[in-house]
file run37.pdb (PDB, C-alpha atoms)
ATOM      1  CA  MET A  13      96.129  21.916  99.062  1.00  0.00           C
ATOM      2  CA  ASN A  14      96.159  25.102  96.908  1.00  0.00           C
ATOM      3  CA  ASP A  15      99.008  27.525  97.820  1.00  0.00           C
ATOM      4  CA  ALA A  16      97.912  30.215  95.343  1.00  0.00           C
ATOM      5  CA  PRO A  17      96.112  32.403  97.913  1.00  0.00           C
ATOM      6  CA  LYS A  18      99.176  32.333 100.187  1.00  0.00           C
ATOM      7  CA  LYS A  19     101.488  33.288  97.298  1.00  0.00           C
ATOM      8  CA  SER A  20      99.146  36.106  96.225  1.00  0.00           C
ATOM      9  CA  SER A  21      99.087  37.445  99.781  1.00  0.00           C
ATOM     10  CA  SER A  22     102.890  37.345  99.991  1.00  0.00           C
ATOM     11  CA  VAL A  23     103.282  39.186  96.690  1.00  0.00           C
ATOM     12  CA  PHE A  24     100.717  41.785  97.734  1.00  0.00           C
ATOM     13  CA  LEU A  25     102.534  42.311 101.050  1.00  0.00           C
ATOM     14  CA  LEU A  26     105.895  42.700  99.324  1.00  0.00           C
ATOM     15  CA  VAL A  27     104.526  45.196  96.810  1.00  0.00           C
ATOM     16  CA  SER A  28     102.878  47.167  99.619  1.00  0.00           C
ATOM     17  CA  ILE A  29     106.152  47.370 101.536  1.00  0.00           C
ATOM     18  CA  VAL A  30     108.087  48.530  98.478  1.00  0.00           C
ATOM     19  CA  LEU A  31     105.474  51.164  97.662  1.00  0.00           C
ATOM     20  CA  GLY A  32     105.489  52.315 101.271  1.00  0.00           C
ATOM     21  CA  VAL A  33     109.247  52.787 101.184  1.00  0.00           C
ATOM     22  CA  PHE A  34     109.018  54.805  97.962  1.00  0.00           C
ATOM     23  CA  ILE A  35     106.266  56.989  99.418  1.00  0.00           C
ATOM     24  CA  VAL A  36     108.233  57.704 102.603  1.00  0.00           C
ATOM     25  CA  PHE A  37     111.380  58.618 100.677  1.00  0.00           C
ATOM     26  CA  GLY A  38     109.306  60.684  98.281  1.00  0.00           C
ATOM     27  CA  LEU A  39     107.839  62.680 101.141  1.00  0.00           C
ATOM     28  CA  ILE A  40     111.267  63.231 102.664  1.00  0.00           C
ATOM     29  CA  TRP A  41     112.586  64.468  99.322  1.00  0.00           C
ATOM     30  CA  ALA A  42     109.609  66.771  98.800  1.00  0.00           C
ATOM     31  CA  VAL A  43     109.955  68.343 102.219  1.00  0.00           C
ATOM     32  CA  SER A  44     113.693  68.844 101.912  1.00  0.00           C
ATOM     33  CA  SER A  45     113.573  70.209  98.366  1.00  0.00           C
ATOM     34  CA  GLY A  46     110.568  72.400  99.039  1.00  0.00           C
ATOM     35  CA  SER A  47     111.920  74.112 102.130  1.00  0.00           C
ATOM     36  CA  SER A  48     112.132  77.913 101.783  1.00  0.00           C
ATOM     37  CA  ASN A  49     113.652  78.843 105.108  1.00  0.00           C
ATOM     38  CA  GLY A  50     117.346  78.639 104.429  1.00  0.00           C
ATOM     39  CA  SER A  51     117.844  75.688 102.109  1.00  0.00           C
ATOM     40  CA  GLY A  52     117.912  75.413  98.345  1.00  0.00           C
ATOM     41  CA  THR A  53     120.079  76.459  95.433  1.00  0.00           C
ATOM     42  CA  PRO A  54     119.601  80.017  94.154  1.00  0.00           C
ATOM     43  CA  GLY A  55     120.630  79.259  90.581  1.00  0.00           C
ATOM     44  CA  THR A  56     121.347  82.125  88.168  1.00  0.00           C
ATOM     45  CA  PHE A  57     119.661  85.485  87.695  1.00  0.00           C
ATOM     46  CA  ASN A  58     119.247  87.921  84.837  1.00  0.00           C
ATOM     47  CA  ASP A  59     120.209  91.214  86.467  1.00  0.00           C
ATOM     48  CA  GLU A  60     120.810  93.309  83.367  1.00  0.00           C
ATOM     49  CA  LYS A  61     117.919  95.710  84.024  1.00  0.00           C
ATOM     50  CA  SER A  62     117.399  95.116  87.731  1.00  0.00           C
ATOM     51  CA  PRO A  63     117.613  98.005  90.211  1.00  0.00           C
ATOM     52  CA  ARG A  64     120.476  97.555  92.620  1.00  0.00           C
ATOM     53  CA  ILE A  65     121.978  99.323  95.604  1.00  0.00           C
ATOM     54  CA  GLY A  66     125.009  98.910  97.812  1.00  0.00           C
ATOM     55  CA  ALA A  67     128.614  98.109  96.967  1.00  0.00           C
ATOM     56  CA  GLU A  68     129.804  98.677  93.393  1.00  0.00           C
ATOM     57  CA  ASN A  69     132.319  95.842  93.695  1.00  0.00           C
ATOM     58  CA  PRO A  70     130.498  93.581  96.138  1.00  0.00           C
ATOM     59  CA  GLU A  71     131.818  90.637  98.056  1.00  0.00           C
ATOM     60  CA  LEU A  72     128.261  89.286  98.061  1.00  0.00           C
ATOM     61  CA  VAL A  73     125.197  89.867  95.869  1.00  0.00           C
ATOM     62  CA  ILE A  74     121.768  89.385  97.438  1.00  0.00           C
ATOM     63  CA  HIS A  75     118.563  89.116  95.397  1.00  0.00           C
ATOM     64  CA  VAL A  76     115.227  90.117  96.876  1.00  0.00           C
ATOM     65  CA  PHE A  77     111.894  89.297  95.206  1.00  0.00           C
ATOM     66  CA  GLU A  78     109.193  91.618  96.504  1.00  0.00           C
ATOM     67  CA  ASP A  79     105.756  93.106  95.909  1.00  0.00           C
ATOM     68  CA  PHE A  80     105.198  96.783  96.749  1.00  0.00           C
ATOM     69  CA  GLU A  81     101.656  96.089  97.948  1.00  0.00           C
ATOM     70  CA  CYS A  82     102.615  93.096 100.113  1.00  0.00           C
ATOM     71  CA  PRO A  83     102.193  93.880 103.853  1.00  0.00           C
ATOM     72  CA  ALA A  84     104.876  91.348 104.777  1.00  0.00           C
ATOM     73  CA  CYS A  85     107.314  93.074 102.406  1.00  0.00           C
ATOM     74  CA  ARG A  86     106.549  96.377 104.100  1.00  0.00           C
ATOM     75  CA  SER A  87     107.280  94.768 107.480  1.00  0.00           C
ATOM     76  CA  ALA A  88     110.517  93.363 106.060  1.00  0.00           C
ATOM     77  CA  GLU A  89     111.778  96.866 105.301  1.00  0.00           C
ATOM     78  CA  VAL A  90     113.044  97.280 108.872  1.00  0.00           C
ATOM     79  CA  GLY A  91     115.460  94.399 108.409  1.00  0.00           C
ATOM     80  CA  PHE A  92     116.336  95.289 104.824  1.00  0.00           C
ATOM     81  CA  ARG A  93     117.186  98.903 105.648  1.00  0.00           C
ATOM     82  CA  HIS A  94     119.321  97.717 108.539  1.00  0.00           C
ATOM     83  CA  ALA A  95     121.176  95.328 106.245  1.00  0.00           C
ATOM     84  CA  LEU A  96     121.746  98.034 103.636  1.00  0.00           C
ATOM     85  CA  LYS A  97     123.020 100.524 106.195  1.00  0.00           C
ATOM     86  CA  THR A  98     125.268  97.974 107.896  1.00  0.00           C
ATOM     87  CA  TYR A  99     126.653  96.038 104.917  1.00  0.00           C
ATOM     88  CA  GLY A 100     126.129  98.350 101.945  1.00  0.00           C
ATOM     89  CA  ASP A 101     129.877  98.864 101.564  1.00  0.00           C
ATOM     90  CA  ARG A 102     130.432  95.117 101.064  1.00  0.00           C
ATOM     91  CA  VAL A 103     127.130  93.779  99.738  1.00  0.00           C
ATOM     92  CA  GLN A 104     125.019  94.632  96.710  1.00  0.00           C
ATOM     93  CA  PHE A 105     121.254  94.187  96.903  1.00  0.00           C
ATOM     94  CA  VAL A 106     119.397  93.464  93.666  1.00  0.00           C
ATOM     95  CA  TRP A 107     115.660  94.154  93.423  1.00  0.00           C
ATOM     96  CA  LYS A 108     113.337  91.740  91.636  1.00  0.00           C
ATOM     97  CA  ASP A 109     109.685  92.607  91.034  1.00  0.00           C
ATOM     98  CA  PHE A 110     107.210  89.894  91.958  1.00  0.00           C
ATOM     99  CA  PRO A 111     103.785  91.609  92.072  1.00  0.00           C
ATOM    100  CA  LEU A 112     101.141  89.128  93.199  1.00  0.00           C
ATOM    101  CA  GLN A 113      98.428  90.466  90.935  1.00  0.00           C
ATOM    102  CA  SER A 114      95.758  87.988  91.960  1.00  0.00           C
ATOM    103  CA  ILE A 115      95.607  89.443  95.478  1.00  0.00           C
ATOM    104  CA  HIS A 116      97.160  92.923  95.149  1.00  0.00           C
ATOM    105  CA  ARG A 117      95.249  95.089  92.685  1.00  0.00           C
ATOM    106  CA  ASN A 118      97.833  97.892  92.449  1.00  0.00           C
ATOM    107  CA  ALA A 119     101.070  95.924  92.821  1.00  0.00           C
ATOM    108  CA  LEU A 120     101.870  95.910  89.095  1.00  0.00           C
ATOM    109  CA  SER A 121     101.159  99.635  88.842  1.00  0.00           C
ATOM    110  CA  GLY A 122     103.456 100.273  91.781  1.00  0.00           C
ATOM    111  CA  ALA A 123     106.219  98.288  90.109  1.00  0.00           C
ATOM    112  CA  ASN A 124     105.781 100.309  86.913  1.00  0.00           C
ATOM    113  CA  ALA A 125     105.843 103.564  88.848  1.00  0.00           C
ATOM    114  CA  ALA A 126     109.105 102.685  90.577  1.00  0.00           C
ATOM    115  CA  ARG A 127     110.760 101.579  87.328  1.00  0.00           C
ATOM    116  CA  CYS A 128     109.862 104.925  85.784  1.00  0.00           C
ATOM    117  CA  ALA A 129     111.543 106.610  88.750  1.00  0.00           C
ATOM    118  CA  GLN A 130     114.556 104.371  88.087  1.00  0.00           C
ATOM    119  CA  GLU A 131     114.783 105.988  84.649  1.00  0.00           C
ATOM    120  CA  GLN A 132     115.603 109.230  86.477  1.00  0.00           C
ATOM    121  CA  GLY A 133     117.927 107.606  88.998  1.00  0.00           C
ATOM    122  CA  LYS A 134     115.476 107.506  91.910  1.00  0.00           C
ATOM    123  CA  PHE A 135     114.163 103.971  92.054  1.00  0.00           C
ATOM    124  CA  TRP A 136     115.118 103.457  95.685  1.00  0.00           C
ATOM    125  CA  GLU A 137     113.647 106.764  96.816  1.00  0.00           C
ATOM    126  CA  PHE A 138     110.370 105.822  95.115  1.00  0.00           C
ATOM    127  CA  HIS A 139     110.687 102.304  96.568  1.00  0.00           C
ATOM    128  CA  ASP A 140     110.870 103.773 100.079  1.00  0.00           C
ATOM    129  CA  ARG A 141     107.909 106.059  99.470  1.00  0.00           C
ATOM    130  CA  LEU A 142     105.753 103.206  98.176  1.00  0.00           C
ATOM    131  CA  TYR A 143     106.452 101.095 101.247  1.00  0.00           C
ATOM    132  CA  ASP A 144     106.115 103.950 103.716  1.00  0.00           C
ATOM    133  CA  ASP A 145     102.735 104.964 102.237  1.00  0.00           C
ATOM    134  CA  GLN A 146     101.481 101.494 101.287  1.00  0.00           C
ATOM    135  CA  PRO A 147      98.225 101.775 103.289  1.00  0.00           C
ATOM    136  CA  THR A 148      97.412 104.991 101.399  1.00  0.00           C
ATOM    137  CA  TRP A 149      97.638 103.758  97.823  1.00  0.00           C
ATOM    138  CA  GLY A 150      97.219  99.991  98.153  1.00  0.00           C
ATOM    139  CA  GLU A 151      93.420  99.909  97.948  1.00  0.00           C
ATOM    140  CA  LEU A 152      92.806 102.875  95.671  1.00  0.00           C
ATOM    141  CA  PRO A 153      90.712 102.223  92.541  1.00  0.00           C
ATOM    142  CA  ASP A 154      93.416 104.075  90.588  1.00  0.00           C
ATOM    143  CA  PRO A 155      96.692 105.111  92.285  1.00  0.00           C
ATOM    144  CA  THR A 156      97.929 107.253  89.370  1.00  0.00           C
ATOM    145  CA  THR A 157      97.349 110.631  91.044  1.00  0.00           C
ATOM    146  CA  THR A 158      99.006 109.468  94.258  1.00  0.00           C
ATOM    147  CA  PHE A 159     102.016 108.080  92.379  1.00  0.00           C
ATOM    148  CA  THR A 160     102.285 111.329  90.410  1.00  0.00           C
ATOM    149  CA  ASN A 161     102.368 113.245  93.690  1.00  0.00           C
ATOM    150  CA  TYR A 162     105.223 111.020  94.852  1.00  0.00           C
ATOM    151  CA  ALA A 163     107.123 111.752  91.657  1.00  0.00           C
ATOM    152  CA  SER A 164     106.670 115.471  92.254  1.00  0.00           C
ATOM    153  CA  ALA A 165     107.718 115.225  95.911  1.00  0.00           C
ATOM    154  CA  LEU A 166     110.896 113.440  94.844  1.00  0.00           C
ATOM    155  CA  ALA A 167     111.699 116.241  92.377  1.00  0.00           C
ATOM    156  CA  LEU A 168     111.391 114.013  89.320  1.00  0.00           C
ATOM    157  CA  ASP A 169     110.590 115.427  85.906  1.00  0.00           C
ATOM    158  CA  VAL A 170     106.885 114.736  86.354  1.00  0.00           C
ATOM    159  CA  ASP A 171     105.996 115.031  82.656  1.00  0.00           C
ATOM    160  CA  ALA A 172     108.678 112.509  81.705  1.00  0.00           C
ATOM    161  CA  TRP A 173     107.706 110.225  84.560  1.00  0.00           C
ATOM    162  CA  SER A 174     103.999 110.445  83.651  1.00  0.00           C
ATOM    163  CA  SER A 175     104.709 109.604  80.024  1.00  0.00           C
ATOM    164  CA  CYS A 176     106.759 106.593  81.088  1.00  0.00           C
ATOM    165  CA  TYR A 177     104.109 105.431  83.536  1.00  0.00           C
ATOM    166  CA  SER A 178     101.126 105.859  81.231  1.00  0.00           C
ATOM    167  CA  GLU A 179     102.742 103.838  78.459  1.00  0.00           C
ATOM    168  CA  ARG A 180     103.947 101.139  80.891  1.00  0.00           C
ATOM    169  CA  ARG A 181     107.420 101.501  79.425  1.00  0.00           C
ATOM    170  CA  TYR A 182     109.056  99.012  81.781  1.00  0.00           C
ATOM    171  CA  GLN A 183     106.248  96.543  82.273  1.00  0.00           C
ATOM    172  CA  ALA A 184     108.053  93.963  80.133  1.00  0.00           C
ATOM    173  CA  ASP A 185     111.002  94.146  82.544  1.00  0.00           C
ATOM    174  CA  VAL A 186     108.702  93.747  85.541  1.00  0.00           C
ATOM    175  CA  LEU A 187     107.003  90.735  83.965  1.00  0.00           C
ATOM    176  CA  SER A 188     110.407  89.285  83.117  1.00  0.00           C
ATOM    177  CA  ASP A 189     111.146  89.288  86.852  1.00  0.00           C
ATOM    178  CA  VAL A 190     107.813  87.572  87.446  1.00  0.00           C
ATOM    179  CA  SER A 191     108.732  84.876  84.928  1.00  0.00           C
ATOM    180  CA  GLU A 192     112.067  84.474  86.679  1.00  0.00           C
ATOM    181  CA  ALA A 193     110.299  84.056  90.020  1.00  0.00           C
ATOM    182  CA  ASN A 194     107.947  81.492  88.528  1.00  0.00           C
ATOM    183  CA  GLY A 195     110.905  79.641  87.044  1.00  0.00           C
ATOM    184  CA  LEU A 196     112.421  79.494  90.523  1.00  0.00           C
ATOM    185  CA  ARG A 197     109.054  78.181  91.777  1.00  0.00           C
ATOM    186  CA  LEU A 198     108.618  81.010  94.244  1.00  0.00           C
ATOM    187  CA  ASN A 199     105.162  81.272  95.739  1.00  0.00           C
ATOM    188  CA  GLY A 200     105.331  84.275  98.009  1.00  0.00           C
ATOM    189  CA  THR A 201     107.005  87.518  98.967  1.00  0.00           C
ATOM    190  CA  PRO A 202     109.363  88.568 100.353  1.00  0.00           C
ATOM    191  CA  THR A 203     111.855  85.968  99.168  1.00  0.00           C
ATOM    192  CA  SER A 204     115.563  86.645  99.656  1.00  0.00           C
ATOM    193  CA  PHE A 205     118.529  84.792  98.167  1.00  0.00           C
ATOM    194  CA  ILE A 206     121.539  85.159 100.466  1.00  0.00           C
ATOM    195  CA  GLY A 207     124.589  83.160  99.476  1.00  0.00           C
ATOM    196  CA  ASP A 208     123.406  79.604  98.934  1.00  0.00           C
ATOM    197  CA  LYS A 209     120.266  80.030 101.059  1.00  0.00           C
ATOM    198  CA  VAL A 210     116.708  81.003 100.208  1.00  0.00           C
ATOM    199  CA  PHE A 211     114.353  82.673 102.689  1.00  0.00           C
ATOM    200  CA  SER A 212     110.628  83.143 102.038  1.00  0.00           C
ATOM    201  CA  GLN A 213     109.904  85.076 105.202  1.00  0.00           C
ATOM    202  CA  VAL A 214     110.362  88.421 106.904  1.00  0.00           C
ATOM    203  CA  LEU A 215     113.966  88.715 108.057  1.00  0.00           C
ATOM    204  CA  SER A 216     114.668  90.750 111.183  1.00  0.00           C
ATOM    205  CA  PRO A 217     117.825  92.851 111.568  1.00  0.00           C
ATOM    206  CA  SER A 218     119.421  90.038 113.573  1.00  0.00           C
ATOM    207  CA  ASP A 219     118.465  87.527 110.856  1.00  0.00           C
ATOM    208  CA  TRP A 220     120.182  89.673 108.242  1.00  0.00           C
ATOM    209  CA  ASP A 221     123.260  90.025 110.467  1.00  0.00           C
ATOM    210  CA  ARG A 222     123.544  86.289 110.943  1.00  0.00           C
ATOM    211  CA  GLU A 223     122.988  85.296 107.337  1.00  0.00           C
ATOM    212  CA  ILE A 224     125.120  88.000 105.705  1.00  0.00           C
ATOM    213  CA  GLN A 225     128.012  87.410 108.097  1.00  0.00           C
ATOM    214  CA  SER A 226     127.763  83.689 107.449  1.00  0.00           C
ATOM    215  CA  ALA A 227     127.681  84.170 103.672  1.00  0.00           C
ATOM    216  CA  LEU A 228     130.630  86.571 103.745  1.00  0.00           C
ATOM    217  CA  THR A 229     132.640  84.172 105.884  1.00  0.00           C
ATOM    218  CA  THR A 230     132.081  81.204 103.599  1.00  0.00           C
ATOM    219  CA  LYS A 231     132.910  83.000 100.345  1.00  0.00           C
TER     220      LYS A 231
END
call {"tool": "encode", "arguments": {"input": "run37.pdb", "output": "structure tokens"}}
result
Amino acid sequence: MNDAPKKSSSVFLLVSIVLGVFIVFGLIWAVSSGSSNGSGTPGTFNDEKSPRIGAENPELVIHVFEDFECPACRSAEVGFRHALKTYGDRVQFVWKDFPLQSIHRNALSGANAARCAQEQGKFWEFHDRLYDDQPTWGELPDPTTTFTNYASALALDVDAWSSCYSERRYQADVLSDVSEANGLRLNGTPTSFIGDKVFSQVLSPSDWDREIQSALTTK
């Protein structure tokens, strides 16, 4: 009697089981490594030209990757401003530009506008104005006039700001942040790096309280 068919069936069954085990473990690894709601390793950042606010000698540095035209980022401002007001004497917040150009037509322009305000020491004031007025400028064919009005309202040297903006003086720095985000495999905004955790979601004031206090405690 020929046992070849039985042996072939046994080998096929064994191979199927082994492959099944590898697939299951692969899925588990993918889910755990791909999580963006508190797990993950932040890695290192190039902060040389990044806008920052908060403590000069911080106990904790938090990086936030955002897009000025992103509605979720605008919603996240409530939590962010709470965190800055509450922990700004102990924590430093570092801004990273991540304009999602494929879906937000004016995001890159907004990032350039804010960096030109940074040149005159008013990045964060311009940052607040962009978020507060996002529905006004977000869908404009050309937001230049609106951004220029913001610069004037913030008492910037408008001629200097306009020259900076028109020549896209800091676009290379903005795109460097984008490359950094891509290197970290980020796929959305806002994304916040708090201690050893990564959050790709809107954080409420209570979320910020919990995560900052936890990060400060474990340092």
call {"tool": "resolve_selection", "arguments": {"input": "run37.pdb", "expression": "the PyMOL selection byres ((chain A and resi 103-117) around 6)", "output": "ChimeraX atom specification"}}
result
/A:63-67,70-79,99-100,102,118-120,186,189-190
call {"tool": "closest_residue", "arguments": {"input": "run37.pdb", "among": "A:Lys209, A:Thr98, A:Asp185, A:Glu81", "to": "Pro155 of chain A", "atoms": "all atoms listed in the file"}}
result
A:Glu81
call {"tool": "resolve_selection", "arguments": {"input": "run37.pdb", "expression": "the PyMOL selection byres ((chain A and resi 215) around 9)", "output": "list in words"}}
result
Ala88, Glu89, Val90, Gly91, Phe92, Pro202, Ser204, Phe211, Ser212, Gln213, Val214, Ser216, Pro217, Ser218, Asp219 and Trp220 of chain A
call {"tool": "atom_distance", "arguments": {"input": "run37.pdb", "atom1": "atom CA of Lys231 of chain A", "atom2": "atom CA of Val210 of chain A"}}
result
16.3 Å
call {"tool": "atom_distance", "arguments": {"input": "run37.pdb", "atom1": "atom CA of Ala123 of chain A", "atom2": "atom CA of Phe135 of chain A"}}
result
10.0 Å
call {"tool": "resolve_selection", "arguments": {"input": "run37.pdb", "expression": "the PyMOL selection byres ((chain A and resi 134) around 12)", "output": "JSON, numbers by chain"}}
result
{"A": [63, 64, 65, 125, 126, 127, 128, 129, 130, 131, 132, 133, 135, 136, 137, 138, 139, 140, 141, 162, 163, 164, 165, 166, 167, 168, 169, 173]}
call {"tool": "atom_distance", "arguments": {"input": "run37.pdb", "atom1": "atom CA of Leu187 of chain A", "atom2": "atom CA of Gly122 of chain A"}}
result
12.8 Å
call {"tool": "closest_residue", "arguments": {"input": "run37.pdb", "among": "A:Thr203, A:Ser121, A:Gln225, A:Thr230", "to": "Glu151 of chain A", "atoms": "only C-alpha atoms"}}
result
A:Ser121
call {"tool": "decode", "arguments": {"input": "run37.pdb", "residues": "segment 78-97 of chain A", "atoms": "C-alpha atoms", "output": "PDB file, in the first residue's frame"}}
result
ATOM      1  CA  GLU A  78       0.602  69.539  14.131  1.00  0.00           C
ATOM      2  CA  ASP A  79      -0.989  71.049  11.037  1.00  0.00           C
ATOM      3  CA  PHE A  80      -2.449  74.562  11.276  1.00  0.00           C
ATOM      4  CA  GLU A  81      -5.305  73.658   8.933  1.00  0.00           C
ATOM      5  CA  CYS A  82      -6.187  70.404  10.719  1.00  0.00           C
ATOM      6  CA  PRO A  83      -9.602  70.647  12.467  1.00  0.00           C
ATOM      7  CA  ALA A  84      -8.569  68.047  15.044  1.00  0.00           C
ATOM      8  CA  CYS A  85      -5.484  70.123  15.893  1.00  0.00           C
ATOM      9  CA  ARG A  86      -7.716  73.143  16.402  1.00  0.00           C
ATOM     10  CA  SER A  87      -9.899  71.084  18.756  1.00  0.00           C
ATOM     11  CA  ALA A  88      -6.767  69.937  20.585  1.00  0.00           C
ATOM     12  CA  GLU A  89      -5.884  73.529  21.454  1.00  0.00           C
ATOM     13  CA  VAL A  90      -8.182  73.452  24.493  1.00  0.00           C
ATOM     14  CA  GLY A  91      -6.108  70.699  26.062  1.00  0.00           C
ATOM     15  CA  PHE A  92      -2.779  72.097  24.889  1.00  0.00           C
ATOM     16  CA  ARG A  93      -3.442  75.569  26.290  1.00  0.00           C
ATOM     17  CA  HIS A  94      -4.501  74.017  29.575  1.00  0.00           C
ATOM     18  CA  ALA A  95      -1.287  72.001  29.708  1.00  0.00           C
ATOM     19  CA  LEU A  96       0.841  75.055  28.933  1.00  0.00           C
ATOM     20  CA  LYS A  97      -0.878  77.176  31.563  1.00  0.00           C
TER      21      LYS A  97
END
